[in-house]
Amino acid sequence: MTVIAENKTKPAAKMPDGPKTPKWLATIRAILAPLTYIEKAAKDYGDIYTAQFAGFPRQVVVSNPQAIQEIFTADPNLFDSGVANKILQPITGDYSLLLHDGDYHQRQRRLLIPPFHGERMRAYGDIICQITEEVMSQLTIGKTFVARSYMQEISLRVILRAVFGLDENSRFQQLRETLSSMLDTFNSPWSSSLLFLKFLQQDLGPWSPWGRFLRQKQQIDELLYAEIRERRAANDLSREDILSLMLSARDEHGEPMTDAELRDELMTLLFAGHETTATALAWALYWIHYLPEVREKLLAELDSLGDNPDPDKVFRLPYLSAVCSETLRIYPVTLFTFPRIVKSQFQLMGYEFPAGTMLSPCVYLTHHREDIYPEPKRFKPERFLERQFSPYEFISFGGGNRRCIGMAFALFEMKLVLAKILRSQQLVLIDNRPLKAVRRGITTTPDGGVRMVVTGSR
Ligand code: HEM
């Protein structure tokens with residue numbers, strides 16, 4: 001009784017204004033034309049607005065760097081993110097760190113961060129170059145190809161090597177093919193609806209989209225469980241790949257990870273670790289070949305390193321770094337970071353958000369602020385040479401306790417792959433026209449995947 005009386009006297013928490021579109025219509029627009037939807041909302045309501053979608057809690061979209069700083073630097077215990085990532089559960093499974101908060105999330109992060117950094121990451125330099133060469137050598141002069149598919153093959157092979165180690169056995173090949181094909185389920189804005197609209201997730205047999213997805217997932221599970229079983233039995237302590245590290249990890253009670261936990265974390269890395277990088281690489285190839293002056297400058301910089309440059313030197317090239325950053329700025333692979341769901345009242349930009357509010361830092365809108373990035377629609381790598389942007393202005397990899405664990409690895413891979421391709425092949429865009437960004441699952445990707453042709457070698 002007392003509690004109810006107290007709630008009645010409290011002033012209602014003030015929420016920022018936002019689009020009044022009916023929830024179902026907003027949901028369809030946000031799935032099919034996400035950029036148009038968020039740009040219009042930001043134009044009408046500014047850098048903090050409330051959006052409402054069918055099946056989701058009220059979402060507050062933030063593109064103000066001070067506010068983003070407050071979110072990223074706040075005590076992580078004030079927010080939950082895992083529950084809001086539930087739409088990824090069909091792909092990653094229940095135990096993925098993406099779906100958890102608190103101790104379990106922290107423990108898994110601590111385990112997975114080191115293999116993607118420092119010396120351990122650099123050990124993959126030669127493998128990345130070798131895989132790029134193998135994949136790109138399938139292309140002969142005059143052959144047209146979709147850059148995103150080739151970049152996906154490269155990034156998938158790279159992450160598989162990092163996760164499972166060196167031997168590319170037949171299980172490895174099967175895993176590669178089935179995983180690629182399973183993720184292609186979400187390769188268009190329409191088919192991406194399958195992830196967002198639960199009622200579409202119906203198994204209507206092997207020919208229905210969801211039915212096929214489930215069967216491919218089953219095959220992948222079998223392959224992953226077979227590998228886990230074999231590795232446990234072999235107990236080879238000399239291996240340094242990520243699966244081996246996960247197999248030897250023990251929690252505070254001395255318990256190892258279960259097979260189901262291992263399967264879900266492997267799937268998380270395979271999914272998060274290659275879809276994103278493949279899209280970023282496809283965009284980079286597009287911009288580099290759409291703007292000849294960018295390609296020329298890059299080639300001059302790469303040539304200055306001489307033959308067979310050290311991967312570390314390639315990684316540190318300033319113009320190549322600026323091209324990668326500008327690629328990730330102008331069309332960020334994910335339009336939003338993970339949401340932060342407020343656990344108890346939280347103040348931000350003069351608003352008081354009640355528990356349950358979903359705060360969503362918007363990467364795209366932040367990266368398109370005229371006051372931080374003048375002429376935001378223009379691809380200008382030089383802006384990254386002229387000034388340094390704060391980690392709350394450039395947020396392609398998110399921040400705080402959820403910041404992408406693969407950031408360094410992804411940038412390392414992007415630079416080595418681009419350097420390898422540009423130094424060995426001459427590519428041309430088939431349609432030299434502006435490309436739209438379209439949805440592919442939870443990412444945004446170049447429409448048509450960037451169609452190119454090989455015109456010569458260098
Ligand atoms: C260009 C490539 C990539 C981009 C743009 C990207 C972007 C992101 C973003 C925006 C987040 C959410 C961060 C937040 O909410 O604060 C994230 C999380 C994550 N990323 Fe990446 N990522 C990329 C590559 C990778 C790679 C190569 C891996 C493989 C290791 C990876 C693994 C993860 C994982 C495991 C998380 C979840 C972290 C957590 O929940 O604590 N990502 N990524």
# chains A, B, ... in the order shown; residues from 1 in each chain; ligands from 1
call {"tool": "residues_around", "arguments": {"residues": "Phe384 of chain A", "least_positions_apart": "6", "cutoff": "8 Å", "atoms": "only C-alpha atoms", "output": "PyMOL selection string"}}
result
chain A and resi 322+325-326
call {"tool": "write_last_selection", "arguments": {"atoms": "C-alpha atoms", "output": "short mmCIF file (atom, residue, chain, number, x, y, z; two decimals), in the first residue's frame"}}
result
data_model
loop_
_atom_site.label_atom_id
_atom_site.label_comp_id
_atom_site.auth_asym_id
_atom_site.auth_seq_id
_atom_site.Cartn_x
_atom_site.Cartn_y
_atom_site.Cartn_z
CA ALA A 322 43.15 6.82 -41.86
CA SER A 325 39.01 4.67 -39.82
CA GLU A 326 37.16 6.74 -42.42
#
call {"tool": "residues_near_ligand", "arguments": {"ligand": "ligand 1", "cutoff": "6 Å", "atoms": "only C-alpha atoms and all ligand atoms", "output": "ChimeraX atom specification"}}
result
/A:97-98,269,272-274,276-277,280,333-334,337-338,396-399,402-407,409-410
call {"tool": "closest_residue", "arguments": {"among": "A:Leu291, A:Phe346, A:Lys313, A:His367", "to": "Pro434 of chain A", "atoms": "only C-alpha atoms"}}
result
A:Leu291
call {"tool": "residues_around", "arguments": {"residues": "Arg176 of chain A", "least_positions_apart": "3", "cutoff": "10 Å", "atoms": "only C-alpha atoms", "output": "MDAnalysis selection string"}}
result
chainID A and resid 153 156:157 160 170:173 179:182 220 270
call {"tool": "write_last_selection", "arguments": {"atoms": "C-alpha atoms", "output": "compact mmCIF listing (two decimals), in the first residue's frame"}}
result
# COMPACT_ATOMS: atom_id res chain seq x y z
CA GLU A 153 35.94 -16.06 -47.30
CA LEU A 156 36.17 -16.58 -42.09
CA ARG A 157 39.34 -18.51 -42.83
CA LEU A 160 38.84 -20.19 -38.05
CA SER A 170 37.87 -31.68 -43.68
CA ARG A 171 35.84 -30.71 -40.61
CA PHE A 172 37.32 -27.24 -40.90
CA GLN A 173 36.23 -27.02 -44.58
CA LEU A 179 28.72 -21.28 -41.55
CA SER A 180 28.94 -19.06 -44.63
CA SER A 181 25.75 -20.47 -46.03
CA MET A 182 23.94 -20.20 -42.67
CA ILE A 220 27.52 -26.71 -37.28
CA LEU A 270 33.21 -17.13 -35.47
call {"tool": "residues_around", "arguments": {"residues": "Arg369 of chain A", "least_positions_apart": "4", "cutoff": "12 Å", "atoms": "only C-alpha atoms", "output": "list in words"}}
result
Glu39, Ala42, Lys43, Gly46, Asp47, Val62, Ser63, Asn64, Pro65, Arg329, Ile330, Cys362, Val363, Tyr364, Leu365, Tyr373, Pro374, Glu375, Pro376, Lys377, Glu393 and Phe394 of chain A
call {"tool": "write_last_selection", "arguments": {"atoms": "N, CA and C atoms", "output": "compact mmCIF listing (two decimals), in the first residue's frame"}}
result
# COMPACT_ATOMS: atom_id res chain seq x y z
N GLU A 39 18.12 8.93 -39.55
CA GLU A 39 18.52 10.29 -39.93
C GLU A 39 17.35 11.25 -39.80
N ALA A 42 16.73 11.94 -36.09
CA ALA A 42 17.71 12.85 -35.50
C ALA A 42 17.49 14.28 -35.99
N LYS A 43 17.08 14.41 -37.25
CA LYS A 43 16.83 15.75 -37.80
C LYS A 43 15.65 16.40 -37.04
N GLY A 46 16.84 15.73 -32.66
CA GLY A 46 18.15 16.04 -32.09
C GLY A 46 18.95 14.83 -31.65
N ASP A 47 19.97 15.09 -30.78
CA ASP A 47 20.93 14.02 -30.49
C ASP A 47 20.55 13.14 -29.30
N VAL A 62 21.07 7.85 -28.59
CA VAL A 62 21.97 8.93 -28.16
C VAL A 62 23.10 9.12 -29.18
N SER A 63 23.31 10.36 -29.62
CA SER A 63 24.45 10.61 -30.50
C SER A 63 25.21 11.86 -30.05
N ASN A 64 25.19 12.10 -28.74
CA ASN A 64 25.90 13.22 -28.17
C ASN A 64 27.16 12.69 -27.46
N PRO A 65 28.36 13.13 -27.90
CA PRO A 65 29.60 12.55 -27.34
C PRO A 65 29.72 12.66 -25.82
N ARG A 329 33.96 5.00 -40.17
CA ARG A 329 33.17 6.17 -39.75
C ARG A 329 31.95 6.35 -40.63
N ILE A 330 32.19 6.37 -41.96
CA ILE A 330 31.12 6.84 -42.85
C ILE A 330 29.95 5.85 -42.91
N CYS A 362 24.27 5.68 -30.77
CA CYS A 362 24.14 5.45 -32.22
C CYS A 362 25.46 5.80 -32.92
N VAL A 363 26.11 4.79 -33.45
CA VAL A 363 27.42 4.99 -34.07
C VAL A 363 27.25 5.88 -35.32
N TYR A 364 26.26 5.53 -36.14
CA TYR A 364 26.09 6.25 -37.41
C TYR A 364 25.83 7.75 -37.17
N LEU A 365 24.89 8.07 -36.29
CA LEU A 365 24.54 9.48 -36.09
C LEU A 365 25.70 10.25 -35.45
N TYR A 373 32.59 16.06 -37.57
CA TYR A 373 33.09 15.60 -38.87
C TYR A 373 32.49 16.48 -39.97
N PRO A 374 33.10 17.67 -40.26
CA PRO A 374 32.54 18.54 -41.30
C PRO A 374 32.39 17.77 -42.62
N GLU A 375 31.37 18.11 -43.39
CA GLU A 375 31.02 17.40 -44.63
C GLU A 375 30.96 15.89 -44.35
N PRO A 376 30.09 15.46 -43.46
CA PRO A 376 30.12 14.05 -43.00
C PRO A 376 29.84 13.03 -44.09
N LYS A 377 29.18 13.45 -45.18
CA LYS A 377 28.86 12.47 -46.23
C LYS A 377 30.04 12.24 -47.17
N GLU A 393 33.70 10.10 -29.76
CA GLU A 393 33.32 10.69 -31.05
C GLU A 393 33.46 9.64 -32.16
N PHE A 394 34.47 8.78 -32.03
CA PHE A 394 34.65 7.68 -32.98
C PHE A 394 34.35 6.39 -32.23
call {"tool": "residues_around", "arguments": {"residues": "Pro292 of chain A", "least_positions_apart": "4", "cutoff": "12 Å", "atoms": "only C-alpha atoms", "output": "ChimeraX atom specification"}}
result
/A:285-288,296-299,427-429,432
call {"tool": "write_last_selection", "arguments": {"atoms": "all heavy atoms", "output": "short mmCIF file (atom, residue, chain, number, x, y, z; two decimals), in the first residue's frame"}}
result
data_model
loop_
_atom_site.label_atom_id
_atom_site.label_comp_id
_atom_site.auth_asym_id
_atom_site.auth_seq_id
_atom_site.Cartn_x
_atom_site.Cartn_y
_atom_site.Cartn_z
N LEU A 285 37.25 -1.50 -49.95
CA LEU A 285 37.59 -1.70 -51.37
C LEU A 285 36.74 -0.78 -52.24
O LEU A 285 37.21 -0.23 -53.25
CB LEU A 285 37.37 -3.15 -51.78
CG LEU A 285 38.44 -4.14 -51.31
CD1 LEU A 285 38.08 -5.56 -51.72
CD2 LEU A 285 39.83 -3.78 -51.88
N TYR A 286 35.50 -0.62 -51.86
CA TYR A 286 34.61 0.27 -52.62
C TYR A 286 35.18 1.70 -52.63
O TYR A 286 35.41 2.29 -53.68
CB TYR A 286 33.19 0.25 -52.04
CG TYR A 286 32.35 1.40 -52.52
CD1 TYR A 286 31.89 1.44 -53.84
CD2 TYR A 286 32.05 2.48 -51.69
CE1 TYR A 286 31.14 2.51 -54.30
CE2 TYR A 286 31.31 3.54 -52.14
CZ TYR A 286 30.85 3.57 -53.45
OH TYR A 286 30.13 4.63 -53.90
N TRP A 287 35.44 2.25 -51.44
CA TRP A 287 35.88 3.65 -51.38
C TRP A 287 37.22 3.84 -52.08
O TRP A 287 37.45 4.82 -52.77
CB TRP A 287 35.98 4.11 -49.92
CG TRP A 287 34.63 4.32 -49.29
CD1 TRP A 287 34.08 3.57 -48.29
CD2 TRP A 287 33.65 5.30 -49.64
NE1 TRP A 287 32.83 4.04 -47.99
CE2 TRP A 287 32.53 5.10 -48.80
CE3 TRP A 287 33.60 6.35 -50.58
CZ2 TRP A 287 31.39 5.89 -48.86
CZ3 TRP A 287 32.46 7.13 -50.65
CH2 TRP A 287 31.37 6.90 -49.80
N ILE A 288 38.12 2.90 -51.88
CA ILE A 288 39.47 3.03 -52.46
C ILE A 288 39.39 3.06 -54.00
O ILE A 288 40.14 3.78 -54.66
CB ILE A 288 40.38 1.88 -51.99
CG1 ILE A 288 40.65 2.00 -50.49
CG2 ILE A 288 41.69 1.82 -52.76
CD1 ILE A 288 41.26 0.75 -49.84
N GLU A 296 45.59 6.09 -55.29
CA GLU A 296 46.96 6.50 -55.63
C GLU A 296 47.79 6.80 -54.38
O GLU A 296 48.93 6.37 -54.25
CB GLU A 296 46.94 7.74 -56.53
CG GLU A 296 46.79 7.36 -58.00
CD GLU A 296 46.19 8.48 -58.82
OE1 GLU A 296 46.45 9.66 -58.51
OE2 GLU A 296 45.43 8.17 -59.78
N LYS A 297 47.18 7.53 -53.46
CA LYS A 297 47.93 7.87 -52.22
C LYS A 297 48.29 6.61 -51.44
O LYS A 297 49.38 6.49 -50.90
CB LYS A 297 47.07 8.77 -51.32
CG LYS A 297 47.15 10.22 -51.65
CD LYS A 297 46.55 11.00 -50.50
CE LYS A 297 46.22 12.40 -50.93
NZ LYS A 297 45.47 13.13 -49.94
N LEU A 298 47.34 5.68 -51.39
CA LEU A 298 47.58 4.44 -50.66
C LEU A 298 48.71 3.64 -51.29
O LEU A 298 49.61 3.16 -50.59
CB LEU A 298 46.33 3.56 -50.70
CG LEU A 298 45.47 3.51 -49.46
CD1 LEU A 298 44.36 2.48 -49.65
CD2 LEU A 298 46.29 3.17 -48.22
N LEU A 299 48.67 3.54 -52.63
CA LEU A 299 49.71 2.78 -53.31
C LEU A 299 51.08 3.40 -53.09
O LEU A 299 52.06 2.69 -52.85
CB LEU A 299 49.40 2.70 -54.81
CG LEU A 299 48.33 1.66 -55.19
CD1 LEU A 299 48.02 1.73 -56.68
CD2 LEU A 299 48.78 0.25 -54.81
N LEU A 427 42.21 -3.73 -59.48
CA LEU A 427 40.78 -4.00 -59.49
C LEU A 427 40.04 -2.75 -59.92
O LEU A 427 40.51 -1.63 -59.70
CB LEU A 427 40.31 -4.39 -58.08
CG LEU A 427 41.06 -5.51 -57.36
CD1 LEU A 427 40.48 -5.70 -55.95
CD2 LEU A 427 40.96 -6.81 -58.13
N VAL A 428 38.85 -2.95 -60.52
CA VAL A 428 38.03 -1.82 -60.94
C VAL A 428 36.60 -2.12 -60.52
O VAL A 428 36.17 -3.27 -60.57
CB VAL A 428 38.13 -1.64 -62.48
CG1 VAL A 428 37.14 -0.61 -62.99
CG2 VAL A 428 39.54 -1.24 -62.90
N LEU A 429 35.88 -1.05 -60.13
CA LEU A 429 34.46 -1.24 -59.80
C LEU A 429 33.67 -1.44 -61.07
O LEU A 429 33.93 -0.76 -62.07
CB LEU A 429 33.91 0.00 -59.09
CG LEU A 429 34.41 0.30 -57.69
CD1 LEU A 429 33.88 1.66 -57.23
CD2 LEU A 429 33.99 -0.80 -56.72
N ASN A 432 30.53 2.34 -61.31
CA ASN A 432 31.18 3.42 -60.57
C ASN A 432 30.15 4.45 -60.14
O ASN A 432 30.09 5.55 -60.67
CB ASN A 432 32.26 4.04 -61.45
CG ASN A 432 33.37 4.63 -60.61
OD1 ASN A 432 33.45 4.32 -59.41
ND2 ASN A 432 34.18 5.49 -61.19
#
call {"tool": "select_by_dssp", "arguments": {"residues": "segment 147-231 of chain A", "states": "alpha helix (DSSP H)", "output": "PyMOL selection string"}}
result
chain A and resi 147-164+170-183+189-196+209-231
call {"tool": "closest_residue", "arguments": {"among": "A:Leu25, A:Ile68, A:Leu35, A:Leu247", "to": "Pro391 of chain A", "atoms": "only C-alpha atoms"}}
result
A:Ile68
call {"tool": "residues_around", "arguments": {"residues": "segment 228-239 of chain A", "least_positions_apart": "6", "cutoff": "9 Å", "atoms": "only C-alpha atoms", "output": "list in words"}}
result
Gly165, Leu245, Leu247, Ser248, Asp259, Leu262 and Arg263 of chain A
call {"tool": "closest_residue", "arguments": {"among": "A:Pro115, A:Gly142, A:Pro76, A:Pro57", "to": "Thr455 of chain A", "atoms": "only C-alpha atoms"}}
result
A:Gly142
call {"tool": "residues_around", "arguments": {"residues": "Asp303 of chain A", "least_positions_apart": "6", "cutoff": "12 Å", "atoms": "only C-alpha atoms", "output": "list of chain:residue names"}}
result
A:Arg295, A:Glu296, A:Lys297, A:Pro309, A:Val314, A:Leu317, A:Ala419, A:Lys420, A:Leu422, A:Arg423, A:Ser424, A:Arg458
call {"tool": "decode", "arguments": {"residues": "segment 388-419 of chain A", "atoms": "N, CA, C and O atoms", "output": "PDB file, in the first residue's frame"}}
result
ATOM      1  N   GLN A 388      42.783  14.182 -33.866  1.00  0.00           N
ATOM      2  CA  GLN A 388      42.465  12.923 -33.178  1.00  0.00           C
ATOM      3  C   GLN A 388      41.057  13.014 -32.643  1.00  0.00           C
ATOM      4  O   GLN A 388      40.689  14.041 -32.053  1.00  0.00           O
ATOM      5  N   PHE A 389      40.280  11.986 -32.844  1.00  0.00           N
ATOM      6  CA  PHE A 389      38.918  12.003 -32.315  1.00  0.00           C
ATOM      7  C   PHE A 389      38.872  11.219 -31.008  1.00  0.00           C
ATOM      8  O   PHE A 389      39.604  10.238 -30.834  1.00  0.00           O
ATOM      9  N   SER A 390      38.024  11.675 -30.100  1.00  0.00           N
ATOM     10  CA  SER A 390      37.971  11.016 -28.783  1.00  0.00           C
ATOM     11  C   SER A 390      37.251   9.679 -28.919  1.00  0.00           C
ATOM     12  O   SER A 390      36.523   9.446 -29.895  1.00  0.00           O
ATOM     13  N   PRO A 391      37.412   8.780 -27.923  1.00  0.00           N
ATOM     14  CA  PRO A 391      36.716   7.478 -27.993  1.00  0.00           C
ATOM     15  C   PRO A 391      35.202   7.601 -27.812  1.00  0.00           C
ATOM     16  O   PRO A 391      34.497   6.604 -27.794  1.00  0.00           O
ATOM     17  N   TYR A 392      34.713   8.840 -27.690  1.00  0.00           N
ATOM     18  CA  TYR A 392      33.253   9.051 -27.604  1.00  0.00           C
ATOM     19  C   TYR A 392      32.742   9.734 -28.873  1.00  0.00           C
ATOM     20  O   TYR A 392      31.555   9.956 -29.034  1.00  0.00           O
ATOM     21  N   GLU A 393      33.696  10.096 -29.756  1.00  0.00           N
ATOM     22  CA  GLU A 393      33.321  10.686 -31.054  1.00  0.00           C
ATOM     23  C   GLU A 393      33.457   9.638 -32.162  1.00  0.00           C
ATOM     24  O   GLU A 393      32.684   9.623 -33.103  1.00  0.00           O
ATOM     25  N   PHE A 394      34.466   8.780 -32.032  1.00  0.00           N
ATOM     26  CA  PHE A 394      34.651   7.680 -32.982  1.00  0.00           C
ATOM     27  C   PHE A 394      34.345   6.393 -32.228  1.00  0.00           C
ATOM     28  O   PHE A 394      35.123   5.955 -31.374  1.00  0.00           O
ATOM     29  N   ILE A 395      33.192   5.782 -32.525  1.00  0.00           N
ATOM     30  CA  ILE A 395      32.731   4.692 -31.650  1.00  0.00           C
ATOM     31  C   ILE A 395      32.378   3.425 -32.440  1.00  0.00           C
ATOM     32  O   ILE A 395      31.483   2.683 -32.052  1.00  0.00           O
ATOM     33  N   SER A 396      33.097   3.191 -33.524  1.00  0.00           N
ATOM     34  CA  SER A 396      32.824   2.003 -34.348  1.00  0.00           C
ATOM     35  C   SER A 396      32.883   0.698 -33.573  1.00  0.00           C
ATOM     36  O   SER A 396      32.244  -0.279 -33.942  1.00  0.00           O
ATOM     37  N   PHE A 397      33.726   0.679 -32.529  1.00  0.00           N
ATOM     38  CA  PHE A 397      33.888  -0.566 -31.767  1.00  0.00           C
ATOM     39  C   PHE A 397      33.264  -0.453 -30.380  1.00  0.00           C
ATOM     40  O   PHE A 397      33.571  -1.238 -29.487  1.00  0.00           O
ATOM     41  N   GLY A 398      32.366   0.517 -30.198  1.00  0.00           N
ATOM     42  CA  GLY A 398      31.709   0.680 -28.908  1.00  0.00           C
ATOM     43  C   GLY A 398      32.681   1.169 -27.852  1.00  0.00           C
ATOM     44  O   GLY A 398      33.689   1.824 -28.165  1.00  0.00           O
ATOM     45  N   GLY A 399      32.393   0.866 -26.572  1.00  0.00           N
ATOM     46  CA  GLY A 399      33.268   1.349 -25.500  1.00  0.00           C
ATOM     47  C   GLY A 399      32.906   0.746 -24.161  1.00  0.00           C
ATOM     48  O   GLY A 399      32.004  -0.080 -24.047  1.00  0.00           O
ATOM     49  N   GLY A 400      33.669   1.171 -23.141  1.00  0.00           N
ATOM     50  CA  GLY A 400      33.417   0.709 -21.777  1.00  0.00           C
ATOM     51  C   GLY A 400      33.615  -0.797 -21.646  1.00  0.00           C
ATOM     52  O   GLY A 400      34.430  -1.385 -22.347  1.00  0.00           O
ATOM     53  N   ASN A 401      32.837  -1.424 -20.774  1.00  0.00           N
ATOM     54  CA  ASN A 401      33.052  -2.848 -20.478  1.00  0.00           C
ATOM     55  C   ASN A 401      32.518  -3.772 -21.570  1.00  0.00           C
ATOM     56  O   ASN A 401      32.659  -4.973 -21.462  1.00  0.00           O
ATOM     57  N   ARG A 402      31.904  -3.197 -22.620  1.00  0.00           N
ATOM     58  CA  ARG A 402      31.449  -4.042 -23.729  1.00  0.00           C
ATOM     59  C   ARG A 402      32.256  -3.786 -24.990  1.00  0.00           C
ATOM     60  O   ARG A 402      31.915  -4.331 -26.050  1.00  0.00           O
ATOM     61  N   ARG A 403      33.291  -2.944 -24.886  1.00  0.00           N
ATOM     62  CA  ARG A 403      34.019  -2.611 -26.126  1.00  0.00           C
ATOM     63  C   ARG A 403      34.453  -3.880 -26.841  1.00  0.00           C
ATOM     64  O   ARG A 403      34.816  -4.874 -26.214  1.00  0.00           O
ATOM     65  N   CYS A 404      34.397  -3.802 -28.166  1.00  0.00           N
ATOM     66  CA  CYS A 404      34.711  -4.965 -29.001  1.00  0.00           C
ATOM     67  C   CYS A 404      36.056  -5.575 -28.606  1.00  0.00           C
ATOM     68  O   CYS A 404      37.071  -4.876 -28.593  1.00  0.00           O
ATOM     69  N   ILE A 405      36.070  -6.869 -28.352  1.00  0.00           N
ATOM     70  CA  ILE A 405      37.339  -7.499 -27.972  1.00  0.00           C
ATOM     71  C   ILE A 405      38.219  -7.751 -29.199  1.00  0.00           C
ATOM     72  O   ILE A 405      39.390  -8.045 -29.077  1.00  0.00           O
ATOM     73  N   GLY A 406      37.610  -7.641 -30.398  1.00  0.00           N
ATOM     74  CA  GLY A 406      38.373  -7.928 -31.616  1.00  0.00           C
ATOM     75  C   GLY A 406      38.845  -6.679 -32.338  1.00  0.00           C
ATOM     76  O   GLY A 406      39.299  -6.764 -33.483  1.00  0.00           O
ATOM     77  N   MET A 407      38.784  -5.508 -31.671  1.00  0.00           N
ATOM     78  CA  MET A 407      39.108  -4.253 -32.365  1.00  0.00           C
ATOM     79  C   MET A 407      40.518  -4.268 -32.977  1.00  0.00           C
ATOM     80  O   MET A 407      40.684  -4.024 -34.175  1.00  0.00           O
ATOM     81  N   ALA A 408      41.526  -4.566 -32.164  1.00  0.00           N
ATOM     82  CA  ALA A 408      42.905  -4.534 -32.664  1.00  0.00           C
ATOM     83  C   ALA A 408      43.083  -5.575 -33.769  1.00  0.00           C
ATOM     84  O   ALA A 408      43.692  -5.300 -34.812  1.00  0.00           O
ATOM     85  N   PHE A 409      42.497  -6.743 -33.552  1.00  0.00           N
ATOM     86  CA  PHE A 409      42.619  -7.832 -34.520  1.00  0.00           C
ATOM     87  C   PHE A 409      41.961  -7.439 -35.846  1.00  0.00           C
ATOM     88  O   PHE A 409      42.524  -7.648 -36.928  1.00  0.00           O
ATOM     89  N   ALA A 410      40.772  -6.841 -35.766  1.00  0.00           N
ATOM     90  CA  ALA A 410      40.047  -6.460 -36.987  1.00  0.00           C
ATOM     91  C   ALA A 410      40.826  -5.415 -37.780  1.00  0.00           C
ATOM     92  O   ALA A 410      40.938  -5.496 -39.007  1.00  0.00           O
ATOM     93  N   LEU A 411      41.400  -4.424 -37.069  1.00  0.00           N
ATOM     94  CA  LEU A 411      42.153  -3.375 -37.771  1.00  0.00           C
ATOM     95  C   LEU A 411      43.428  -3.942 -38.386  1.00  0.00           C
ATOM     96  O   LEU A 411      43.806  -3.590 -39.505  1.00  0.00           O
ATOM     97  N   PHE A 412      44.073  -4.842 -37.643  1.00  0.00           N
ATOM     98  CA  PHE A 412      45.293  -5.501 -38.142  1.00  0.00           C
ATOM     99  C   PHE A 412      44.951  -6.263 -39.424  1.00  0.00           C
ATOM    100  O   PHE A 412      45.608  -6.118 -40.458  1.00  0.00           O
ATOM    101  N   GLU A 413      43.874  -7.035 -39.346  1.00  0.00           N
ATOM    102  CA  GLU A 413      43.464  -7.841 -40.499  1.00  0.00           C
ATOM    103  C   GLU A 413      43.080  -6.945 -41.683  1.00  0.00           C
ATOM    104  O   GLU A 413      43.512  -7.186 -42.815  1.00  0.00           O
ATOM    105  N   MET A 414      42.294  -5.903 -41.423  1.00  0.00           N
ATOM    106  CA  MET A 414      41.863  -5.017 -42.522  1.00  0.00           C
ATOM    107  C   MET A 414      43.068  -4.452 -43.262  1.00  0.00           C
ATOM    108  O   MET A 414      43.136  -4.457 -44.486  1.00  0.00           O
ATOM    109  N   LYS A 415      44.048  -3.980 -42.481  1.00  0.00           N
ATOM    110  CA  LYS A 415      45.200  -3.318 -43.117  1.00  0.00           C
ATOM    111  C   LYS A 415      46.037  -4.314 -43.923  1.00  0.00           C
ATOM    112  O   LYS A 415      46.450  -4.009 -45.040  1.00  0.00           O
ATOM    113  N   LEU A 416      46.258  -5.492 -43.363  1.00  0.00           N
ATOM    114  CA  LEU A 416      47.090  -6.470 -44.090  1.00  0.00           C
ATOM    115  C   LEU A 416      46.376  -6.966 -45.350  1.00  0.00           C
ATOM    116  O   LEU A 416      47.006  -7.117 -46.404  1.00  0.00           O
ATOM    117  N   VAL A 417      45.084  -7.204 -45.249  1.00  0.00           N
ATOM    118  CA  VAL A 417      44.343  -7.699 -46.424  1.00  0.00           C
ATOM    119  C   VAL A 417      44.347  -6.631 -47.520  1.00  0.00           C
ATOM    120  O   VAL A 417      44.643  -6.916 -48.689  1.00  0.00           O
ATOM    121  N   LEU A 418      44.051  -5.383 -47.148  1.00  0.00           N
ATOM    122  CA  LEU A 418      44.013  -4.317 -48.159  1.00  0.00           C
ATOM    123  C   LEU A 418      45.387  -4.131 -48.792  1.00  0.00           C
ATOM    124  O   LEU A 418      45.516  -4.010 -50.019  1.00  0.00           O
ATOM    125  N   ALA A 419      46.435  -4.130 -47.957  1.00  0.00           N
ATOM    126  CA  ALA A 419      47.790  -3.936 -48.482  1.00  0.00           C
ATOM    127  C   ALA A 419      48.123  -5.046 -49.467  1.00  0.00           C
ATOM    128  O   ALA A 419      48.637  -4.806 -50.562  1.00  0.00           O
TER     129      ALA A 419
END
